[in-house]
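First up is the structure itself, then whatever we jot down about it.
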Amino acid sequence: MPGLFSKVNLGRLAVRNRIVRSATHEGMADSAGLPRPELLQLLTELAHGGTGTLISGHAFVLPEGRASRWQLGLAEEAQLPGVRQMAAAVHSSPTARFILQLAHAGARADLPLLDLPAKGPSAGACGVADAPAMDEEDIARTIAGFVSAAKRAQQAGCDGVQIHAAHGYLLSTFLSPLFNRRTDDWGGSTAKRARIVLDIVSGIRQVAGEHFPILMKMNAADFVAGGLQPAEMIEIAGMLEQAGLDAVEMSGGTPLSGKQNPIRVGDDSVWYRDAAEQFKKKLALPLILVGGIRNAASAEELVNQGICDAVALSRPLIRQPDLPDIWRNDAARSADCISCNRCMVPMRNGEGLYCPLLKKTQT
């Protein structure tokens, strides 16, 4: 059996173990989208805590795709040195790998300072009533933005990129039959709704070469009536595999998904296990599974049973950056994280990413 701490190739990405730090918005960038020193320190702690692959919080690829004031960016050359510092922080542990997540917030963008409209594939995408639909020029600019940002990530020393196509952000809404109601070449059939992500992956492959890892985060399901379902997600993943994608991280939900949103409170079941089993029965594409994984025994079982190739953690690593090393030495330990979401408050206020409950016990 492979084991949680065995080496694995996630497509072109060779990693030391099967634990992934899932992309987590840190709220630790300055107004220019550059990492603050505390973000570099956090990445260093995670890299030296035993995580094999670290995926950054989402970095905006265009100014109009920025989700929040304290978000990391890679939309221009001036932001490349900051990402280079992040890659160096992770690589201070020689066996850790650093993947930069690239994103466009779409209709969920926060753009009052730029005085730009937050657009989606169709008007009102993801419940944002006043969000207009993108036109052909917007779509072309978006594809080019992802491709250019990926090339910058490669130049900055990242070990690969992850395209954020989950959680009701722009690419997620393009894939969703609920949010994408277009009748042109970018909507309607599954293939047309997937066209934007296929063009992004193909474009990155052209500029970054055959050996640069490209991952994608996708919803197993939107968990909204009329939204993306597992069977169609798997169909799209198969198209992406043919286009040169290296691995999928399976997540799920949108801000409209109620208790099945992407950051569930108090639910420590493995959220997308059934969808992951369906995925692995149909595709050879490597699968990273996130959501509700809180103990080493569960993570080990998922890997050993072939339900996924690697497991991803987010909130548990906020509380315990060294959790992988803890699990390596004590497989009976569960994460201290109780899935309360209180860590989201300081993060969203630009105060950094930490567990308020832990900080309270330390003061």
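By order of appearance in the structure tokens: chains A, B, ..., then residues from 1 within every chain, and ligands from 1 in the order shown.
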Legend entry - Residue neighbourhood stretch 100-111 of chain A, 9 Å, only C-alpha atoms, exclusion window fewer than 4 positions, as a ChimeraX atom specification: /A:23,54-69,73-74,83,87,115-121,123-128,130-133,142,146,149-150,153,158-165,168-171,173,215-217
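Excluding stretch 33-44 of chain A and any residue on its chain fewer than 6 positions from it, the residues at most 6 Å away by only C-alpha atoms are Gln71, Leu72, Gly73, Gly82, Met86, Ala89 and Val90 of chain A.
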Could you write out that same residue set with N, CA and C atoms as a compact mmCIF listing (two decimals), in the first residue's frame?
```txt
# COMPACT_ATOMS: atom_id res chain seq x y z
N GLN A 71 -5.29 40.50 -0.88
CA GLN A 71 -5.03 39.32 -1.69
C GLN A 71 -3.70 39.44 -2.44
N LEU A 72 -3.02 38.32 -2.54
CA LEU A 72 -1.80 38.23 -3.33
C LEU A 72 -2.12 38.41 -4.81
N GLY A 73 -1.18 38.99 -5.57
CA GLY A 73 -1.39 39.16 -7.00
C GLY A 73 -0.19 38.72 -7.82
N GLY A 82 7.88 39.25 -5.44
CA GLY A 82 7.24 38.79 -4.22
C GLY A 82 6.95 37.31 -4.26
N MET A 86 8.31 34.00 -2.01
CA MET A 86 7.47 32.93 -1.47
C MET A 86 8.01 31.56 -1.85
N ALA A 89 10.97 30.80 0.24
CA ALA A 89 10.61 30.45 1.62
C ALA A 89 10.24 28.97 1.70
N VAL A 90 9.44 28.49 0.76
CA VAL A 90 9.05 27.08 0.75
C VAL A 90 10.26 26.21 0.49
```
Inset, instruction - List every residue of stretch 80-180 of chain A that DSSP, applied to the backbone of this structure, assigns to alpha helix (DSSP H), and report them as a PyMOL selection string. - result: chain A and resi 80-90+136-155+170-175
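Taking atom CA of A:Met134 as the reference point, atom CA of A:Asp184 is found at 11.7 Å.
For stretch 271-275 of chain A, the set of protein, DNA and RNA residues having any atom at most 6 Å away, when counting only C-alpha atoms and skipping those fewer than 5 positions along the same chain, is Pro230, Gly291 and Gly292 of chain A.
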Would you put the residues from that selection into a file with N, CA, C and O atoms, as a compact mmCIF listing (two decimals), in the first residue's frame?
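Written out: out-v2.txt:
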```txt
# COMPACT_ATOMS: atom_id res chain seq x y z
N PRO A 230 -21.40 15.75 -10.01
CA PRO A 230 -20.17 14.97 -10.13
C PRO A 230 -19.93 14.35 -11.51
O PRO A 230 -18.80 14.38 -12.01
N GLY A 291 -11.36 18.47 2.25
CA GLY A 291 -12.68 18.58 2.85
C GLY A 291 -12.96 17.61 3.98
O GLY A 291 -13.26 16.45 3.75
N GLY A 292 -12.83 18.08 5.23
CA GLY A 292 -13.23 17.28 6.38
C GLY A 292 -12.24 16.23 6.83
O GLY A 292 -12.58 15.40 7.68
```
Legend entry - Residue neighbourhood stretch 190-199 of chain A, 12 Å, only C-alpha atoms, exclusion window fewer than 6 positions, as a VMD selection string: chain A and resid 103 to 104 121 to 122 136 138 to 147 162 to 166 170 to 184 205 to 206 214 to 218 228 to 229 231 to 245
Just-selected residues, C-alpha atoms written as a tab-separated table (two decimals), in the first residue's frame:
```tsv
chain	number	residue	atom	x	y	z
A	103	ALA	CA	-7.60	32.96	-9.73
A	104	HIS	CA	-10.12	35.42	-11.08
A	121	PRO	CA	-20.17	34.36	-17.63
A	122	SER	CA	-23.81	35.51	-17.52
A	136	GLU	CA	-15.62	38.10	-26.08
A	138	ASP	CA	-13.27	40.09	-21.58
A	139	ILE	CA	-12.93	36.33	-22.07
A	140	ALA	CA	-9.86	36.65	-24.27
A	141	ARG	CA	-8.27	39.01	-21.73
A	142	THR	CA	-9.01	36.56	-18.94
A	143	ILE	CA	-7.41	33.61	-20.73
A	144	ALA	CA	-4.35	35.71	-21.53
A	145	GLY	CA	-4.19	36.85	-17.89
A	146	PHE	CA	-4.04	33.29	-16.58
A	147	VAL	CA	-1.43	32.29	-19.16
A	162	GLN	CA	-3.06	25.56	-9.74
A	163	ILE	CA	-5.98	27.08	-11.65
A	164	HIS	CA	-8.84	27.97	-9.29
A	165	ALA	CA	-12.07	26.72	-10.92
A	166	ALA	CA	-14.09	26.08	-7.76
A	170	LEU	CA	-15.12	33.02	-12.33
A	171	LEU	CA	-14.02	29.71	-13.85
A	172	SER	CA	-16.31	27.78	-11.52
A	173	THR	CA	-19.28	29.81	-12.76
A	174	PHE	CA	-18.29	29.19	-16.39
A	175	LEU	CA	-18.39	25.43	-15.73
A	176	SER	CA	-21.74	25.57	-13.93
A	177	PRO	CA	-24.95	25.11	-15.97
A	178	LEU	CA	-26.72	27.22	-13.34
A	179	PHE	CA	-24.46	30.26	-13.54
A	180	ASN	CA	-23.42	29.99	-17.21
A	181	ARG	CA	-26.49	30.59	-19.34
A	182	ARG	CA	-24.64	31.74	-22.44
A	183	THR	CA	-25.79	30.62	-25.88
A	184	ASP	CA	-22.55	31.34	-27.75
A	205	ARG	CA	1.28	24.45	-21.69
A	206	GLN	CA	2.39	26.38	-24.80
A	214	ILE	CA	-0.51	22.47	-14.09
A	215	LEU	CA	-3.15	21.56	-11.50
A	216	MET	CA	-6.79	22.64	-11.19
A	217	LYS	CA	-9.15	22.98	-8.25
A	218	MET	CA	-12.70	22.00	-9.21
A	228	LEU	CA	-22.60	21.29	-11.60
A	229	GLN	CA	-22.90	17.62	-10.62
A	231	ALA	CA	-20.75	13.14	-13.43
A	232	GLU	CA	-20.28	16.31	-15.46
A	233	MET	CA	-17.32	17.42	-13.38
A	234	ILE	CA	-15.63	14.08	-14.15
A	235	GLU	CA	-16.41	14.51	-17.84
A	236	ILE	CA	-14.75	17.94	-17.81
A	237	ALA	CA	-11.74	16.55	-15.91
A	238	GLY	CA	-11.31	13.98	-18.68
A	239	MET	CA	-11.21	16.78	-21.26
A	240	LEU	CA	-8.61	18.60	-19.16
A	241	GLU	CA	-6.48	15.47	-18.89
A	242	GLN	CA	-6.35	15.35	-22.69
A	243	ALA	CA	-5.37	19.05	-22.74
A	244	GLY	CA	-2.34	18.39	-20.51
A	245	LEU	CA	-3.60	18.89	-16.95
```
Inset, instruction - Can you pull out every residue within 8 Å of A:Ala332, counting only C-alpha atoms, but drop anything in the same chain fewer than 3 positions away, and send it as a list in words? - result: Asn295, Ala296, Ala297 and Trp327 of chain A
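Distances here use only C-alpha atoms; by that measure, the residue among A:Ala331, A:Ile326, A:Ala156, A:Ile318 closest to A:Met344 is A:Ile318.
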Legend entry - Close residues, A:Gln320 itself excluded, 10 Å, only C-alpha atoms, min 2 positions apart in chain, as a ChimeraX atom specification: /A:45-46,49,315-318,322-326,335-337,354-355,358
Inset, instruction - Report the residues of stretch 265-302 of chain A whose backbone DSSP state falls under strand (DSSP E or B), written as an MDAnalysis selection string. - result: chainID A and resid 287:290 295
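Shortest atom-to-atom contact with A:Pro321 among A:Pro286, A:Gly266, A:Gly50, A:Gly11: A:Gly50, counting only C-alpha atoms.
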Inset, instruction - Using only C-alpha atoms, find the one residue out of A:His167, A:Arg84, A:Arg294, A:Arg12 that sits nearest to A:Arg152. - result: A:Arg84
